[in-house]
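Reproduced below: run_24.json, with JSON, C-alpha atoms and all ligand atoms.
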[["chain", "number", "residue", "atom", "x", "y", "z"],
["A", 286, "MET", "CA", 85.08, 145.19, 77.91],
["A", 287, "SER", "CA", 82.37, 143.12, 76.26],
["A", 288, "ARG", "CA", 80.62, 140.28, 78.01],
["A", 289, "VAL", "CA", 81.84, 137.76, 75.47],
["A", 290, "PHE", "CA", 85.39, 138.89, 75.93],
["A", 291, "ARG", "CA", 85.10, 138.66, 79.70],
["A", 292, "LYS", "CA", 83.75, 135.15, 79.42],
["A", 293, "GLN", "CA", 86.58, 134.12, 77.09],
["A", 294, "GLN", "CA", 89.10, 135.58, 79.46],
["A", 295, "LYS", "CA", 87.56, 133.71, 82.38],
["A", 296, "ASN", "CA", 87.74, 130.46, 80.42],
["A", 297, "LEU", "CA", 91.35, 131.13, 79.60],
["A", 298, "ILE", "CA", 92.19, 131.67, 83.26],
["A", 299, "LYS", "CA", 90.49, 128.38, 84.13],
["A", 300, "ASP", "CA", 92.36, 126.56, 81.36],
["A", 301, "VAL", "CA", 95.66, 127.85, 82.68],
["A", 302, "ALA", "CA", 94.67, 126.93, 86.24],
["A", 303, "THR", "CA", 93.75, 123.39, 85.13],
["A", 304, "GLN", "CA", 97.06, 123.03, 83.32],
["A", 305, "ARG", "CA", 98.90, 124.16, 86.43],
["A", 306, "MET", "CA", 97.06, 121.61, 88.55],
["A", 307, "TRP", "CA", 98.07, 118.82, 86.16],
["A", 308, "ARG", "CA", 101.68, 119.95, 86.16],
["A", 309, "LEU", "CA", 101.78, 120.08, 89.96],
["A", 310, "PHE", "CA", 100.18, 116.65, 90.06],
["A", 311, "GLU", "CA", 102.92, 115.26, 87.78],
["A", 312, "LEU", "CA", 105.55, 116.81, 90.04],
["A", 313, "ALA", "CA", 103.89, 115.35, 93.12],
["A", 314, "LYS", "CA", 104.03, 111.87, 91.54],
["A", 315, "MET", "CA", 107.64, 112.31, 90.47],
["A", 316, "GLU", "CA", 108.88, 113.57, 93.81],
["A", 317, "TYR", "CA", 106.96, 111.19, 96.04],
["A", 318, "ALA", "CA", 109.56, 108.40, 96.23],
["A", 319, "GLU", "CA", 112.40, 110.65, 97.38],
["A", 320, "HIS", "CA", 110.69, 113.74, 98.75],
["A", 321, "PRO", "CA", 107.19, 112.93, 99.99],
["A", 322, "ASP", "CA", 107.17, 116.28, 101.81],
["A", 323, "ARG", "CA", 107.40, 118.05, 98.45],
["A", 324, "SER", "CA", 104.45, 116.04, 97.18],
["A", 325, "GLU", "CA", 102.43, 117.34, 100.13],
["A", 326, "ARG", "CA", 103.42, 120.85, 99.18],
["A", 327, "TYR", "CA", 102.27, 120.32, 95.58],
["A", 328, "VAL", "CA", 98.96, 119.01, 96.85],
["A", 329, "GLN", "CA", 98.57, 122.19, 98.87],
["A", 330, "LEU", "CA", 99.28, 124.29, 95.78],
["A", 331, "ILE", "CA", 96.71, 122.33, 93.77],
["A", 332, "ARG", "CA", 94.12, 122.98, 96.48],
["A", 333, "ASN", "CA", 95.00, 126.66, 96.58],
["A", 334, "ILE", "CA", 94.49, 126.97, 92.81],
["A", 335, "SER", "CA", 91.15, 125.20, 93.03],
["A", 336, "MET", "CA", 89.94, 127.44, 95.87],
["A", 337, "ARG", "CA", 91.24, 130.69, 94.43],
["A", 338, "ASN", "CA", 89.56, 130.05, 91.08],
["A", 339, "ARG", "CA", 86.49, 128.41, 92.61],
["A", 340, "MET", "CA", 86.87, 125.41, 90.40],
["A", 341, "SER", "CA", 86.92, 121.72, 91.16],
["A", 342, "ILE", "CA", 90.03, 119.59, 91.02],
["A", 343, "PRO", "CA", 90.05, 117.18, 88.03],
["A", 344, "ARG", "CA", 88.70, 113.81, 89.11],
["A", 345, "GLU", "CA", 91.85, 111.82, 88.55],
["A", 346, "ILE", "CA", 93.85, 114.25, 90.69],
["A", 347, "LYS", "CA", 91.15, 114.40, 93.34],
["A", 348, "SER", "CA", 91.22, 110.63, 93.74],
["A", 349, "ARG", "CA", 94.91, 110.91, 94.67],
["A", 350, "ILE", "CA", 94.39, 113.43, 97.46],
["A", 351, "CYS", "CA", 92.89, 112.39, 100.79],
["A", 352, "LYS", "CA", 89.90, 114.61, 101.43],
["A", 353, "HIS", "CA", 90.32, 114.21, 105.19],
["A", 354, "CYS", "CA", 94.02, 114.85, 105.75],
["A", 355, "TYR", "CA", 95.06, 116.01, 102.24],
["A", 356, "ALA", "CA", 97.84, 113.44, 102.00],
["A", 357, "PHE", "CA", 99.08, 112.67, 98.52],
["A", 358, "LEU", "CA", 97.89, 109.12, 97.95],
["A", 359, "VAL", "CA", 99.96, 106.50, 96.18],
["A", 360, "PRO", "CA", 98.22, 103.18, 95.44],
["A", 361, "GLY", "CA", 99.98, 100.27, 97.10],
["A", 362, "ASN", "CA", 101.97, 102.64, 99.26],
["A", 363, "ASN", "CA", 99.87, 104.80, 101.54],
["A", 364, "ALA", "CA", 96.49, 104.13, 99.98],
["A", 365, "ARG", "CA", 94.28, 101.22, 99.02],
["A", 366, "TYR", "CA", 91.83, 101.41, 96.14],
["A", 367, "ARG", "CA", 89.00, 99.03, 95.56],
["A", 368, "LEU", "CA", 85.78, 98.99, 93.61],
["A", 369, "ASN", "CA", 82.51, 98.44, 95.35],
["A", 370, "GLU", "CA", 79.10, 98.57, 93.69],
["A", 371, "GLY", "CA", 79.78, 101.43, 91.33],
["A", 372, "TYR", "CA", 82.00, 103.27, 93.77],
["A", 373, "ILE", "CA", 85.71, 103.53, 94.06],
["A", 374, "VAL", "CA", 86.56, 103.24, 97.73],
["A", 375, "ILE", "CA", 89.85, 104.77, 98.73],
["A", 376, "PHE", "CA", 91.40, 104.00, 102.07],
["A", 377, "CYS", "CA", 94.02, 106.48, 103.30],
["A", 378, "LYS", "CA", 96.60, 104.75, 105.47],
["A", 379, "HIS", "CA", 97.82, 108.13, 106.62],
["A", 380, "CYS", "CA", 94.71, 109.07, 108.60],
["A", 381, "GLY", "CA", 92.90, 105.73, 108.46],
["A", 382, "LYS", "CA", 89.77, 107.15, 106.84],
["A", 383, "GLU", "CA", 87.90, 106.19, 103.72],
["A", 384, "MET", "CA", 86.39, 108.17, 100.91],
["A", 385, "ARG", "CA", 84.27, 107.03, 98.02],
["A", 386, "TYR", "CA", 83.55, 108.44, 94.62],
["A", 387, "PRO", "CA", 81.13, 107.21, 91.98],
["A", 388, "TYR", "CA", 83.12, 104.99, 89.69],
["A", 389, "LYS", "CA", 83.22, 105.70, 86.02],
["A", 390, "ARG", "CA", 85.81, 104.30, 83.72],
["A", 391, "LEU", "CA", 88.65, 106.65, 82.95],
["A", 392, "ASP", "CA", 89.12, 106.10, 79.24],
["B", 1, "ZN", "ZN", 93.98, 110.80, 104.96]]
In structure tokens, how does this file's structure come out?
Ligand SMILES: [Zn+2]
Amino acid sequence: MSRVFRKQQKNLIKDVATQRMWRLFELAKMEYAEHPDRSERYVQLIRNISMRNRMSIPREIKSRICKHCYAFLVPGNNARYRLNEGYIVIFCKHCGKEMRYPYKRLD
């Protein structure tokens, strides 16, 4: 197996993994209102994919998962989002902790 081929295959696996994370994220959003427990399960699956493939979770998805208690965060429901000096500050009402990420516009 050539190096180039191996690299292409690795990229393909990562593409598929990213797609799966987005699909699970959509499911988590859809199920939250009626089955918040399922949303938690989807979050767990997203984290598993990220760890197994040693890749980071896309930023938009990451900002919807509490990094302390891994709750699925829904703005105006169990989470509060505000901007502060170039950071987005997310408060998780589930565990009462905050996290902050550098803020860049999501176009
Ligand atoms: Zn939390």
- Note on the structure: Pairwise distance, CA of Ser324 (chain A) with CA of Phe310 (chain A), equals 8.3 Å
Give me, as a Markdown table, each residue of chain A that comes within 6 Å of ligand ZN 1 (chain B), together with its shortest interatomic pair and the distance in Å at one decimal, counting all atoms listed in the file, with rows ordered by chain and rising residue number.
| residue | atom | partner | partner_atom | distance |
| --- | --- | --- | --- | --- |
| A:Cys351 | CA | B:ZN1 | ZN | 4.6 |
| A:His353 | CA | B:ZN1 | ZN | 5.0 |
| A:Cys354 | CA | B:ZN1 | ZN | 4.1 |
| A:Tyr355 | CA | B:ZN1 | ZN | 6.0 |
| A:Ala356 | CA | B:ZN1 | ZN | 5.5 |
| A:Cys377 | CA | B:ZN1 | ZN | 4.6 |
| A:His379 | CA | B:ZN1 | ZN | 5.0 |
| A:Cys380 | CA | B:ZN1 | ZN | 4.1 |
| A:Lys382 | CA | B:ZN1 | ZN | 5.9 |
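Among the candidates A:Tyr386, A:Tyr317, A:Trp307, A:Tyr366, the one nearest to Leu330 (chain A) when counting all atoms listed in the file is A:Trp307.
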- Query: Which one is closest to Ala313 (chain A): A:Arg349, A:Arg339, A:Lys389, A:Lys295? Count all atoms listed in the file.
  - Reply: A:Arg349
- Contact residues around Phe357 (chain A) with all atoms listed in the file at 12 Å, ignoring same-chain residues under 6 positions, as an MDAnalysis selection string: chainID A and resid 309:318 320:332 346:351 363:364 377:380
- Grab the CA of Ala302 (chain A) to CA of Tyr388 (chain A) distance for me, in Å with one decimal place.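 Answer for the CA of Ala302 (chain A) to CA of Tyr388 (chain A) separation: 25.0 Å.
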- What does the distance between CA of Thr303 (chain A) and CA of Val374 (chain A) come to in Å, to one decimal place?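 One can read the CA of Thr303 (chain A) to CA of Val374 (chain A) distance as 24.8 Å.
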With 8 Å added on each side, what axis-aligned box encloses every listed atom of region 315-329 of chain A? Give the centre and edge lengths in Å to one decimal, as lines of an AutoDock Vina configuration file.
center_x = 105.5
center_y = 115.3
center_z = 96.1
size_x = 29.8
size_y = 29.8
size_z = 27.3
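Here the question is which of A:Met384, A:Val289, A:Met306, A:Leu297 gets nearest to Arg365 (chain A) using all atoms listed in the file, and that residue is A:Met384.
Proximity ranking of A:Ile298, A:Lys352, A:Gly361, A:Leu368 relative to Ile334 (chain A) places A:Ile298 first, based on all atoms listed in the file.
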